[in-house]
Amino acid sequence: MNHCPMHTLLDFERFRHGTPRELINRLREEHRILWETDDYSGGHWLLFHQDDIDHVLKTPELFTNNYSPILDDFPAEILAEQQQSMTFMDPPGHRKYRSLVDYAFRLKQLEARKPLMHRIARETVDRVIDRGECEFVNEIAMQMPMRVMFALLGVRDQDFGYVVDLVNTLALADDPEFAENRALGFQASMELIEFGTRLAADHRRNPRDSMTMDVINTAIDGRALGDREFGRFFNNLVVGGLETTRNTLALGLHQLILHPEQYRLLEQDPGLVAGAVEEFLRHQNTVVYLRRTATRDMEYLGQQIRKGDKLVCVLGAPNRDPALFPDPDAFDITRPVNNTRKNYRTFGQGPHYCVGVHQARLNLEVMLEEIVRRMTDFRLLAAPRHARSIFMEGYKEMRVGFARRAA
Ligand code: HEM
């Protein structure tokens with residue numbers, strides 16, 4: 001039975017309390033590929049197995065990114081703009097654009113950024129430590145990705161709030177607390193591009209040391225990069241890097257609250273921080289799915305796929321596959337790091353594999369290390385509140401209490 005008349009998975013009701021992971025496990029056991037209806041253009045194919053997901057994400061000539069990684073059909077004029085940005089491109093054009101930004105996230109560059117990151121971690125904890133309680137999502141989890149990214153891109157302090165609001169409106173366009181309707185979400189992405197365009201112009205007038213400066217001084221095919229082209233990079237980077245990292249840390253800390261014995265392990269051995277971060281990423285992947293679009297009619301996995309069909313790779317499915325991870329539903333920070341990294345699909349796969357992967361890991365590791373060093377006995381002061389989304393799992397609020405750790 002491969003055709004289903006009703007919503008099976010990607011339905012807001014099913015995601016009301018977060019990603020329905022038991023349902024995903026069941027669907028992975030029962031199906032290679034499954035058709036379900038949706039509210040955007042009739043329906044899409046769901047994929048659950050690591051091999052199939054890898055094939056789709058690594059074969060852009062059959063499964064293009066030109067129509068966005070999310071299910072929504074974009075209004076034509078916004079789609080036309082987005083198709084000129086890296087995340088909507090296919091190789092070979094995609095590779096040229098990506099090479100302008102990926103240098104900034106290589107391990108060598110990260111090494112130089114570490115002192116800044118340790119300072120951000122210290123200041124973040126300083127701000128809450130005497131209070132014994134805080135709203136973890138915004139006061140802690142958002143701080144590292146936001147401040148690192150904005151320092152890197154040369155965003156001025158007074159603009160932080162404006163940019164973060166736009167990212168929230170865009171990423172959480174289905175949550176009425178962030179956007180009255182999804183058109184406002186599309187609009188927010190255009191405003192981010194415009195902000196990035198102004199940021200590039202500001203750098204040309206007031207040159208300063210930043211990634212923005214480097215990128216606007218490079219050329220593609222012998223042609224200097226325009227301000228608007230930079231604006232599109234800006235949009236890709238802030239949308240890719242902020243909510244994802246914030247959500248992963250908040251979801252991960254929640255797991256540690258549910259499993260205090262694992263927090264104790266971290267306190268006894270800070271060497272486990274890297275493993276804990278990988279387990280956050282595997283067990284609590286924040287990006288629910290990636291969509292690609294068929295470029296031609298084809299037979300695939302025994303189904304007739306038509307040109308224009310949407311294929312949806314469910315990233316949490318391989319992450320909890322017992323063929324890849326023993327006891328996959330257990331949250332266990334002592335799993336071997338290399339096996340986890342090799343087998344989860346939290347950062348995607350293929351040409352669009354997360355360009356910020358090393359930055360993301362380091363953000364999470366430095367922040368978690370500081371938390372564990374100085375804070376203990378975390379407890380929930382209220383149930384965490386899920387953002388309304390079928391694309392991005394995360395909390396919009398998590399109030400926690402904690403104690404200062406004895407020096
Ligand atoms: C836990 C944190 C993160 C997660 C879970 C995550 C996840 C992902 C995923 C699944 C993709 C693939 C998108 C696709 O194939 O269509 C991706 C791409 C991307 N990510 Fe991340 N990401 C994270 C952090 C970051 C950070 C910190 C940055 C920036 C410094 C970043 C920038 C990007 C960009 C620009 C792309 C698009 C790459 C391309 O189109 O070639 N991400 N990310």
# chains A, B, ... in the order shown; residues from 1 in each chain; ligands from 1
call {"tool": "residues_around", "arguments": {"residues": "Ser189 of chain A", "least_positions_apart": "5", "cutoff": "8 Å", "atoms": "only C-alpha atoms", "output": "VMD selection string"}}
result
chain A and resid 166 to 167 170 235
call {"tool": "residues_around", "arguments": {"residues": "Leu27 of chain A", "least_positions_apart": "6", "cutoff": "12 Å", "atoms": "only C-alpha atoms", "output": "PyMOL selection string"}}
result
chain A and resi 1-2+8-9+20-21+33-36+46-49+314+316-318+320-321
call {"tool": "closest_residue", "arguments": {"among": "A:Arg374, A:Arg379, A:His352, A:His358", "to": "Gln109 of chain A", "atoms": "only C-alpha atoms"}}
result
A:His358
call {"tool": "residues_near_ligand", "arguments": {"ligand": "ligand 1", "cutoff": "8 Å", "atoms": "only C-alpha atoms and all ligand atoms", "output": "ChimeraX atom specification"}}
result
/A:57,65,68-69,86-89,94-95,98,105,145,149,233,236-249,281,285-287,289-291,315,345-361,363-364
call {"tool": "residues_around", "arguments": {"residues": "segment 383-388 of chain A", "least_positions_apart": "5", "cutoff": "8 Å", "atoms": "only C-alpha atoms", "output": "ChimeraX atom specification"}}
result
/A:12,15-18,172,174-175,393-399
call {"tool": "closest_residue", "arguments": {"among": "A:Leu153, A:Met144, A:Cys134, A:Val164", "to": "Gly196 of chain A", "atoms": "only C-alpha atoms"}}
result
A:Leu153
call {"tool": "atom_distance", "arguments": {"atom1": "atom CA of Gly161 of chain A", "atom2": "atom CA of Leu251 of chain A"}}
result
22.9 Å
call {"tool": "closest_residue", "arguments": {"among": "A:Gln284, A:Asp165, A:Ala274, A:Val372", "to": "Ala179 of chain A", "atoms": "only C-alpha atoms"}}
result
A:Asp165
call {"tool": "select_by_dssp", "arguments": {"residues": "segment 1-176 of chain A", "states": "alpha helix (DSSP H)", "output": "MDAnalysis selection string"}}
result
chainID A and resid 21:30 50:58 76:82 93:101 107:129 136 143:153 160:171
call {"tool": "closest_residue", "arguments": {"among": "A:Leu253, A:Leu116, A:Ala219, A:Leu184", "to": "Phe331 of chain A", "atoms": "only C-alpha atoms"}}
result
A:Leu253
call {"tool": "residues_around", "arguments": {"residues": "segment 333-343 of chain A", "least_positions_apart": "2", "cutoff": "8 Å", "atoms": "only C-alpha atoms", "output": "VMD selection string"}}
result
chain A and resid 262 272 274 to 279 282 318 to 319 324 to 325 331 345
call {"tool": "closest_residue", "arguments": {"among": "A:Leu10, A:Ala403, A:Val366, A:Ile220", "to": "Ser389 of chain A", "atoms": "only C-alpha atoms"}}
result
A:Leu10
call {"tool": "residues_around", "arguments": {"residues": "Ala121 of chain A", "least_positions_apart": "4", "cutoff": "9 Å", "atoms": "only C-alpha atoms", "output": "list in words"}}
result
Leu116, Met117, Val125, Asp126, Ile140, Gln143, Met144, Val366, Met367, Leu368, Glu369, Glu370 and Ile371 of chain A
call {"tool": "write_last_selection", "arguments": {"atoms": "N, CA and C atoms", "output": "PDB file, in the first residue's frame"}}
result
ATOM      1  N   LEU A 116      36.962  34.335  20.542  1.00  0.00           N
ATOM      2  CA  LEU A 116      35.685  35.075  20.498  1.00  0.00           C
ATOM      3  C   LEU A 116      34.561  34.192  21.028  1.00  0.00           C
ATOM      4  N   MET A 117      34.562  32.937  20.611  1.00  0.00           N
ATOM      5  CA  MET A 117      33.467  32.048  21.002  1.00  0.00           C
ATOM      6  C   MET A 117      33.491  31.760  22.499  1.00  0.00           C
ATOM      7  N   VAL A 125      26.625  33.037  30.023  1.00  0.00           N
ATOM      8  CA  VAL A 125      26.349  32.446  31.338  1.00  0.00           C
ATOM      9  C   VAL A 125      26.410  33.533  32.424  1.00  0.00           C
ATOM     10  N   ASP A 126      27.364  34.464  32.298  1.00  0.00           N
ATOM     11  CA  ASP A 126      27.446  35.561  33.292  1.00  0.00           C
ATOM     12  C   ASP A 126      26.093  36.250  33.462  1.00  0.00           C
ATOM     13  N   ILE A 140      20.010  31.879  26.256  1.00  0.00           N
ATOM     14  CA  ILE A 140      21.253  31.098  26.135  1.00  0.00           C
ATOM     15  C   ILE A 140      21.428  30.522  24.729  1.00  0.00           C
ATOM     16  N   GLN A 143      22.240  32.807  21.710  1.00  0.00           N
ATOM     17  CA  GLN A 143      23.309  33.810  21.806  1.00  0.00           C
ATOM     18  C   GLN A 143      24.545  33.462  20.983  1.00  0.00           C
ATOM     19  N   MET A 144      25.023  32.229  21.088  1.00  0.00           N
ATOM     20  CA  MET A 144      26.271  31.878  20.391  1.00  0.00           C
ATOM     21  C   MET A 144      26.105  31.961  18.865  1.00  0.00           C
ATOM     22  N   VAL A 366      31.296  24.608  22.466  1.00  0.00           N
ATOM     23  CA  VAL A 366      31.829  25.654  23.352  1.00  0.00           C
ATOM     24  C   VAL A 366      30.758  26.091  24.353  1.00  0.00           C
ATOM     25  N   MET A 367      29.530  26.215  23.864  1.00  0.00           N
ATOM     26  CA  MET A 367      28.452  26.666  24.762  1.00  0.00           C
ATOM     27  C   MET A 367      28.124  25.595  25.800  1.00  0.00           C
ATOM     28  N   LEU A 368      28.045  24.345  25.362  1.00  0.00           N
ATOM     29  CA  LEU A 368      27.700  23.276  26.309  1.00  0.00           C
ATOM     30  C   LEU A 368      28.797  23.112  27.363  1.00  0.00           C
ATOM     31  N   GLU A 369      30.050  23.228  26.926  1.00  0.00           N
ATOM     32  CA  GLU A 369      31.168  23.106  27.858  1.00  0.00           C
ATOM     33  C   GLU A 369      31.059  24.163  28.973  1.00  0.00           C
ATOM     34  N   GLU A 370      30.751  25.390  28.589  1.00  0.00           N
ATOM     35  CA  GLU A 370      30.636  26.478  29.571  1.00  0.00           C
ATOM     36  C   GLU A 370      29.447  26.232  30.511  1.00  0.00           C
ATOM     37  N   ILE A 371      28.343  25.777  29.933  1.00  0.00           N
ATOM     38  CA  ILE A 371      27.150  25.481  30.755  1.00  0.00           C
ATOM     39  C   ILE A 371      27.499  24.429  31.793  1.00  0.00           C
TER      40      ILE A 371
END
call {"tool": "residues_around", "arguments": {"residues": "segment 198-214 of chain A", "least_positions_apart": "3", "cutoff": "6 Å", "atoms": "only C-alpha atoms", "output": "PDB file with N, CA, C and O atoms, in the first residue's frame"}}
result
ATOM      1  N   LEU A 152      30.992  37.762  12.416  1.00  0.00           N
ATOM      2  CA  LEU A 152      31.618  37.316  11.167  1.00  0.00           C
ATOM      3  C   LEU A 152      31.195  38.193   9.981  1.00  0.00           C
ATOM      4  O   LEU A 152      32.002  38.560   9.125  1.00  0.00           O
ATOM      5  N   LEU A 153      29.927  38.533   9.955  1.00  0.00           N
ATOM      6  CA  LEU A 153      29.380  39.263   8.807  1.00  0.00           C
ATOM      7  C   LEU A 153      29.442  40.780   8.991  1.00  0.00           C
ATOM      8  O   LEU A 153      29.074  41.527   8.079  1.00  0.00           O
ATOM      9  N   GLY A 154      29.904  41.239  10.156  1.00  0.00           N
ATOM     10  CA  GLY A 154      30.019  42.683  10.366  1.00  0.00           C
ATOM     11  C   GLY A 154      28.680  43.379  10.551  1.00  0.00           C
ATOM     12  O   GLY A 154      28.528  44.544  10.185  1.00  0.00           O
ATOM     13  N   PHE A 195      18.288  43.602   3.573  1.00  0.00           N
ATOM     14  CA  PHE A 195      19.202  44.005   4.655  1.00  0.00           C
ATOM     15  C   PHE A 195      20.647  43.654   4.265  1.00  0.00           C
ATOM     16  O   PHE A 195      21.570  44.453   4.432  1.00  0.00           O
ATOM     17  N   ASN A 217      34.532  41.439  -2.235  1.00  0.00           N
ATOM     18  CA  ASN A 217      35.749  41.714  -3.004  1.00  0.00           C
ATOM     19  C   ASN A 217      36.148  40.562  -3.917  1.00  0.00           C
ATOM     20  O   ASN A 217      37.220  40.596  -4.509  1.00  0.00           O
ATOM     21  N   ASP A 227      26.013  43.835  -4.802  1.00  0.00           N
ATOM     22  CA  ASP A 227      25.494  43.915  -3.430  1.00  0.00           C
ATOM     23  C   ASP A 227      24.300  42.988  -3.232  1.00  0.00           C
ATOM     24  O   ASP A 227      24.139  42.364  -2.187  1.00  0.00           O
TER      25      ASP A 227
END
